[in-house]
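Take a look at the structure below.
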Amino acid sequence: MLFTKRAALAAIFALSAAAGFAQTSTLNGIEQMSRSALSPIYSGNEVKGYMMFGHGDKADRKNDNYLLDFYDQDLGKVLSVTIQKPANRFALLKNSFNGSAFAFYFCNFKDETLEIETYDTSLKKLGTKVIEDLSKVDKMIIQNQLKQNGETDNFQGTMSLFAVPGHGFVRNSFSGMMKGYALVMYDDNLKIKWRLASDEKSKQYEMVSLTEATDKYILGMMVRRDGMMSKQVTSSMVAIDATTGKKVMDLPVETSKTEQLSLSSFTFDPEKREFVAVGEYYKLDDKPFVNKSQGFYIKRFSEAGKVVSAKNYGWQKEVMSLMPAEAKASLEDNFVNYTHSIVKGADGKLYIVAEQYKIVADGMGIALSALGGGRGPSVSKGKIGNLLVFELDPQAKLSSVKFYQKDPSNATLPPGTGFMSAGILGHVIKSQGGFDYQFLQRNDANSQFNVVYINFDKEKGEGTKRIIGNIAFGDNGKYAVDKIDFTSTANYSYLYPAKPGYVMIADYYKKKNQLGMKLVKLNI
């Protein structure tokens with residue numbers, strides 16, 4: 001590893017307190033750019049800087065340069081680092097930061113191996129791990145991931161390196177033709193702490209997708225089916241002890257045969273030490289997307305996996321009276337809500353941020369499928385609707401429903417999704433980047449929240465505009481909306497979290513090989 005400037009990364013956090021005036025940064029000679037090339041660096045809940053990873057010029061005939069640039073929260077460059085690796089062998093699959101260490105996950109496509117490197121916050125190298133025992137399906141997934149250029153995390157299979165603050169990183173892999181999964185936890189020095197894998201004797205096909213790391217647990221969703229060609233897919237909530245790797249929960253959200261529930265979000269309440277599940281509930285014989293749901297629910301489970309409380313919020317009884325007229329119309333249009341975020345304010349209020357979606361017929365997909373004799377793309381597509389924020393008081397009473405209308409957009413669905421439950425389908429759309437919701441920002445006091453989304457504004461006689469939408473709310477009890485036009489001539493534009501009161505936009509111009517980064521102030 002070669003340092004072009006020897007400095008501690010801790011300088012990012014020190015300099016953020018005495019912010020500079022950069023606010024913009026332009027980089028030339030960027031031959032390729034993807035969303036994952038830039039990563040925010042957090043301290044607590046707030047963004048304190050950014051890391052950018054890129055493939056630089058050749059070091060020499062035998063070695064390639066990989067460049068790491070670190071920026072403070074005002075986009076001032078703090079540190080540049082060059083990593084040298086053998087030429088024409090490596091591609092980056094993933095980079096992660098767990099608060100104490102950076103991890104870089106490479107594919108060595110010549111040797112057909114994977115390689116992880118970790119560095120502390122002074123950028124001292126901590127460890128290297130080469131993974132040689134890759135299954136055939138692992139190799140297939142890696143090839144697909146490289147083709148996608150790391151743009152999305154496919155819910156139906158991706159090789160990931162999941163950051164767990166205070167513990168290390170979790171690497172996943174697959175067995176058979178995706179019949180089972182395996183998880184390995186490494187500490188910051190890449191020493192193995194534990195392994196967790198599917199039971200080889202199990203007849204079921206199962207896959208786990210990790211979604212959240214808490215102070216003690218790693219949360220995820222388990223998807224199971226009876227066979228490779230089975231159309232019946234079930235899901236369950238999974239919680240893993242981050243220290244031991246033991247599963248402490250692997251349960252369906254339904255705890256009674258009289259329930260039919262979709263599961264769109266699963267999180268942990270650190271104050272009450274309870275797991276929280278959110279989704280929509282149906283009559284027992286209803287079919288999601290054919291029949292409307294009856295409302296949404298919140299279920300709480302103890303750390304032992306026992307139901308602590310379960311509360312339903314019916315559309316007609318509790319919700320409808322709090323909704324504006326335009327929200328009621330969309331509810332009647334058979335949309336389902338996908339829960340993106342569940343956050344608790346310092347005042348004890350709970351906020352649930354959801355986005356509407358449903359399945360509609362895809363005319364092009366139907367035509368191509370017919371031409372292919374039934375083989376081809378999905379005959380359905382996802383239609384993305386509006387955003388809602390449900391506010392509950394500390395006693396879990398629904399106190400407010402905010403509705404934010406936006407232009408509908410489409411989401412591509414893989415074949416076979418018509419047999420998935422509403423909750424699983426929402427996760428598929430989320431993993432493929434199909435929703436307009438981008439992220440939620442919060443301050444360290446948990447008193448101010450910002451929901452950032454993109455709206456493709458289509459006005460008659462005008463070109464489509466790309467609008468950044470920002471919904472601000474918090475302990476002051478007020479909701480504010482800000483809309484910013486970020487339409488540009490860039491080939492690709494990406495949106496990232498930023499310091500409080502801002503978002504960061506990265507515009508990539510392919511012909512110029514140029515990347516422009518800028519901070520945009522939100523009117524909140």
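By convention here, the chains of the structure tokens are called A, B, ... in the order presented, each chain's residues are numbered starting at 1, and ligands are numbered starting at 1 in the order presented.
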
Exercise: segment 242-259 of chain A partners within 7 Å, only C-alpha atoms, chain neighbours under 3 positions left out, as number ranges by chain: A: 194-196, 216-218, 235-239, 263, 284, 305

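Residues of segment 308-341 of chain A carrying a DSSP assignment of strand (DSSP E or B), computed from the backbone, are A:Val308, A:Ser309, A:Ala310, A:Lys311, A:Asn312, A:Tyr313, A:Gly314, A:Val336, A:Asn337, A:Tyr338, A:Thr339, A:His340, A:Ser341.
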
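Residues in contact with Glu326 of chain A at up to 12 Å, not including ones fewer than 6 positions away on its chain and judged by only C-alpha atoms, are A:Met320, A:Glu332, A:Asp333, A:Asn386, A:Leu387, A:Leu388, A:Lys402, A:Phe403, A:Tyr404, A:Gln405, A:Lys406.
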
Could you save those same residues with N, CA and C atoms as a PDB file, in the first residue's frame?
```pdb
ATOM      1  N   MET A 320     -58.293   6.334   8.055  1.00  0.00           N
ATOM      2  CA  MET A 320     -58.977   7.123   7.031  1.00  0.00           C
ATOM      3  C   MET A 320     -59.312   8.539   7.488  1.00  0.00           C
ATOM      4  N   GLU A 332     -57.668   3.388  -2.349  1.00  0.00           N
ATOM      5  CA  GLU A 332     -58.690   2.603  -3.046  1.00  0.00           C
ATOM      6  C   GLU A 332     -58.157   2.000  -4.342  1.00  0.00           C
ATOM      7  N   ASP A 333     -57.008   2.458  -4.804  1.00  0.00           N
ATOM      8  CA  ASP A 333     -56.435   1.996  -6.069  1.00  0.00           C
ATOM      9  C   ASP A 333     -55.579   0.742  -5.880  1.00  0.00           C
ATOM     10  N   ASN A 386     -47.061   6.911  -4.054  1.00  0.00           N
ATOM     11  CA  ASN A 386     -46.770   8.078  -3.235  1.00  0.00           C
ATOM     12  C   ASN A 386     -46.078   7.709  -1.928  1.00  0.00           C
ATOM     13  N   LEU A 387     -45.668   8.719  -1.174  1.00  0.00           N
ATOM     14  CA  LEU A 387     -45.018   8.529   0.125  1.00  0.00           C
ATOM     15  C   LEU A 387     -45.969   8.916   1.251  1.00  0.00           C
ATOM     16  N   LEU A 388     -45.864   8.191   2.353  1.00  0.00           N
ATOM     17  CA  LEU A 388     -46.654   8.502   3.541  1.00  0.00           C
ATOM     18  C   LEU A 388     -45.758   8.460   4.776  1.00  0.00           C
ATOM     19  N   LYS A 402     -49.332  11.772   7.143  1.00  0.00           N
ATOM     20  CA  LYS A 402     -48.931  12.755   6.150  1.00  0.00           C
ATOM     21  C   LYS A 402     -48.773  12.061   4.797  1.00  0.00           C
ATOM     22  N   PHE A 403     -49.284  12.711   3.753  1.00  0.00           N
ATOM     23  CA  PHE A 403     -49.312  12.126   2.413  1.00  0.00           C
ATOM     24  C   PHE A 403     -48.583  13.050   1.444  1.00  0.00           C
ATOM     25  N   TYR A 404     -47.645  12.474   0.659  1.00  0.00           N
ATOM     26  CA  TYR A 404     -46.836  13.275  -0.259  1.00  0.00           C
ATOM     27  C   TYR A 404     -46.952  12.679  -1.659  1.00  0.00           C
ATOM     28  N   GLN A 405     -47.671  13.413  -2.503  1.00  0.00           N
ATOM     29  CA  GLN A 405     -47.971  12.929  -3.840  1.00  0.00           C
ATOM     30  C   GLN A 405     -46.775  13.134  -4.768  1.00  0.00           C
ATOM     31  N   LYS A 406     -46.514  12.168  -5.627  1.00  0.00           N
ATOM     32  CA  LYS A 406     -45.453  12.282  -6.621  1.00  0.00           C
ATOM     33  C   LYS A 406     -45.864  11.544  -7.881  1.00  0.00           C
TER      34      LYS A 406
END
```

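Shortest separation to Met51 of chain A among A:Leu123, A:Leu68, A:Ala361, A:Val307 occurs at residue A:Leu68, atoms counted being only C-alpha atoms.
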
Please identify every residue of segment 219-264 of chain A that has at least one atom no farther than 12 Å from an atom of segment 422-432 of chain A, counting only C-alpha atoms, and for each give the shortest atom pair and the distance in Å to one decimal, arranged by chain then increasing number, as a tab-separated table.
```
residue	atom	partner	partner_atom	distance
A:Gly220	CA	A:His427	CA	11.4
A:Met221	CA	A:Ile424	CA	9.2
A:Met222	CA	A:Ile424	CA	10.0
A:Val223	CA	A:Ile424	CA	8.2
A:Arg224	CA	A:Ile424	CA	10.9
A:Gln232	CA	A:Ile424	CA	11.7
A:Val233	CA	A:Ile424	CA	8.5
A:Thr234	CA	A:Ile424	CA	8.3
A:Ser235	CA	A:Ile424	CA	7.3
A:Ser236	CA	A:Ile424	CA	10.2
A:Met237	CA	A:Ile424	CA	11.8
A:Val253	CA	A:Gly423	CA	11.0
A:Gln260	CA	A:Ala422	CA	11.0
A:Leu261	CA	A:Gly423	CA	8.5
A:Ser262	CA	A:Gly423	CA	4.8
A:Leu263	CA	A:Gly423	CA	4.8
A:Ser264	CA	A:Gly423	CA	4.8
```

Those same residues, written as a short mmCIF file (atom, residue, chain, number, x, y, z; two decimals), in the first residue's frame with N, CA and C atoms?
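Written output follows (out-v2.cif):
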```cif
data_model
loop_
_atom_site.label_atom_id
_atom_site.label_comp_id
_atom_site.auth_asym_id
_atom_site.auth_seq_id
_atom_site.Cartn_x
_atom_site.Cartn_y
_atom_site.Cartn_z
N GLY A 220 -32.22 -9.72 9.85
CA GLY A 220 -32.36 -10.06 8.45
C GLY A 220 -33.71 -10.70 8.17
N MET A 221 -33.90 -11.03 6.90
CA MET A 221 -35.10 -11.74 6.48
C MET A 221 -34.69 -13.05 5.83
N MET A 222 -35.31 -14.13 6.25
CA MET A 222 -35.07 -15.45 5.68
C MET A 222 -36.20 -15.76 4.69
N VAL A 223 -35.81 -16.21 3.50
CA VAL A 223 -36.78 -16.62 2.48
C VAL A 223 -36.62 -18.11 2.25
N ARG A 224 -37.73 -18.84 2.27
CA ARG A 224 -37.69 -20.29 2.12
C ARG A 224 -38.70 -20.76 1.08
N GLN A 232 -44.18 -21.50 -4.03
CA GLN A 232 -44.59 -21.07 -2.70
C GLN A 232 -43.36 -20.56 -1.93
N VAL A 233 -43.34 -19.26 -1.65
CA VAL A 233 -42.20 -18.65 -0.97
C VAL A 233 -42.69 -18.08 0.36
N THR A 234 -42.00 -18.41 1.44
CA THR A 234 -42.35 -17.89 2.76
C THR A 234 -41.18 -17.09 3.31
N SER A 235 -41.48 -16.24 4.27
CA SER A 235 -40.43 -15.42 4.87
C SER A 235 -40.51 -15.48 6.38
N SER A 236 -39.40 -15.21 7.02
CA SER A 236 -39.38 -15.15 8.48
C SER A 236 -38.40 -14.09 8.95
N MET A 237 -38.60 -13.63 10.17
CA MET A 237 -37.72 -12.64 10.79
C MET A 237 -36.53 -13.37 11.42
N VAL A 253 -43.83 -13.84 10.87
CA VAL A 253 -44.49 -12.76 11.60
C VAL A 253 -45.88 -13.18 12.05
N GLN A 260 -53.13 -13.35 8.34
CA GLN A 260 -52.40 -13.25 7.09
C GLN A 260 -51.74 -11.87 7.07
N LEU A 261 -50.41 -11.86 7.23
CA LEU A 261 -49.67 -10.61 7.36
C LEU A 261 -48.56 -10.54 6.31
N SER A 262 -48.34 -9.37 5.78
CA SER A 262 -47.15 -9.13 4.98
C SER A 262 -46.11 -8.49 5.89
N LEU A 263 -44.84 -8.79 5.65
CA LEU A 263 -43.75 -8.25 6.47
C LEU A 263 -42.90 -7.35 5.60
N SER A 264 -42.94 -6.04 5.86
CA SER A 264 -42.15 -5.12 5.05
C SER A 264 -40.99 -4.50 5.82
#
```

Pick out the residues sitting within 8 Å of Tyr186 of chain A, and hand them over as number ranges by chain; count only C-alpha atoms, and ignore anything fewer than 6 positions along from it in its own chain. A: 167-171, 192-194

Neighbouring residues of Phe162 of chain A were defined as those with any atom within 12 Å, considering only C-alpha atoms; residues of the same chain fewer than 4 positions away were excluded. Please report them as an NGL selection string. :A and (94-98 or 102-105 or 153 or 158 or 167-172 or 183-187 or 209-213 or 218-220 or 242)

Resulting file, chosen residues, C-alpha atoms, as a short mmCIF file (atom, residue, chain, number, x, y, z; two decimals), in the first residue's frame:
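What follows is the written file selection28.cif:
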```
data_model
loop_
_atom_site.label_atom_id
_atom_site.label_comp_id
_atom_site.auth_asym_id
_atom_site.auth_seq_id
_atom_site.Cartn_x
_atom_site.Cartn_y
_atom_site.Cartn_z
CA LYS A 94 -17.94 -4.03 -2.12
CA ASN A 95 -16.44 -1.60 0.39
CA SER A 96 -17.65 -1.23 3.98
CA PHE A 97 -16.93 0.85 7.08
CA ASN A 98 -18.02 -0.38 10.51
CA PHE A 102 -12.57 -0.08 6.39
CA ALA A 103 -12.96 -3.29 4.41
CA PHE A 104 -12.44 -3.77 0.67
CA TYR A 105 -13.91 -6.87 -0.96
CA ASP A 153 -27.96 -5.49 -4.14
CA THR A 158 -25.49 -11.07 -4.07
CA HIS A 167 -17.74 -6.61 15.90
CA GLY A 168 -16.39 -6.71 12.35
CA PHE A 169 -17.79 -7.81 8.99
CA VAL A 170 -20.06 -10.65 7.83
CA ARG A 171 -19.43 -12.37 4.50
CA ASN A 172 -22.16 -14.46 2.86
CA LEU A 183 -22.40 -16.55 6.95
CA VAL A 184 -18.90 -15.95 8.33
CA MET A 185 -18.11 -13.18 10.83
CA TYR A 186 -14.59 -11.69 10.73
CA ASP A 187 -13.16 -9.26 13.26
CA SER A 209 -30.65 -11.20 3.50
CA LEU A 210 -29.05 -9.11 6.27
CA THR A 211 -30.71 -5.74 6.78
CA GLU A 212 -29.56 -4.08 10.02
CA ALA A 213 -26.89 -4.24 12.72
CA ILE A 218 -27.73 -8.68 13.27
CA LEU A 219 -31.19 -8.59 11.72
CA GLY A 220 -32.36 -10.06 8.45
CA ALA A 242 -23.45 -10.63 16.80
#
```
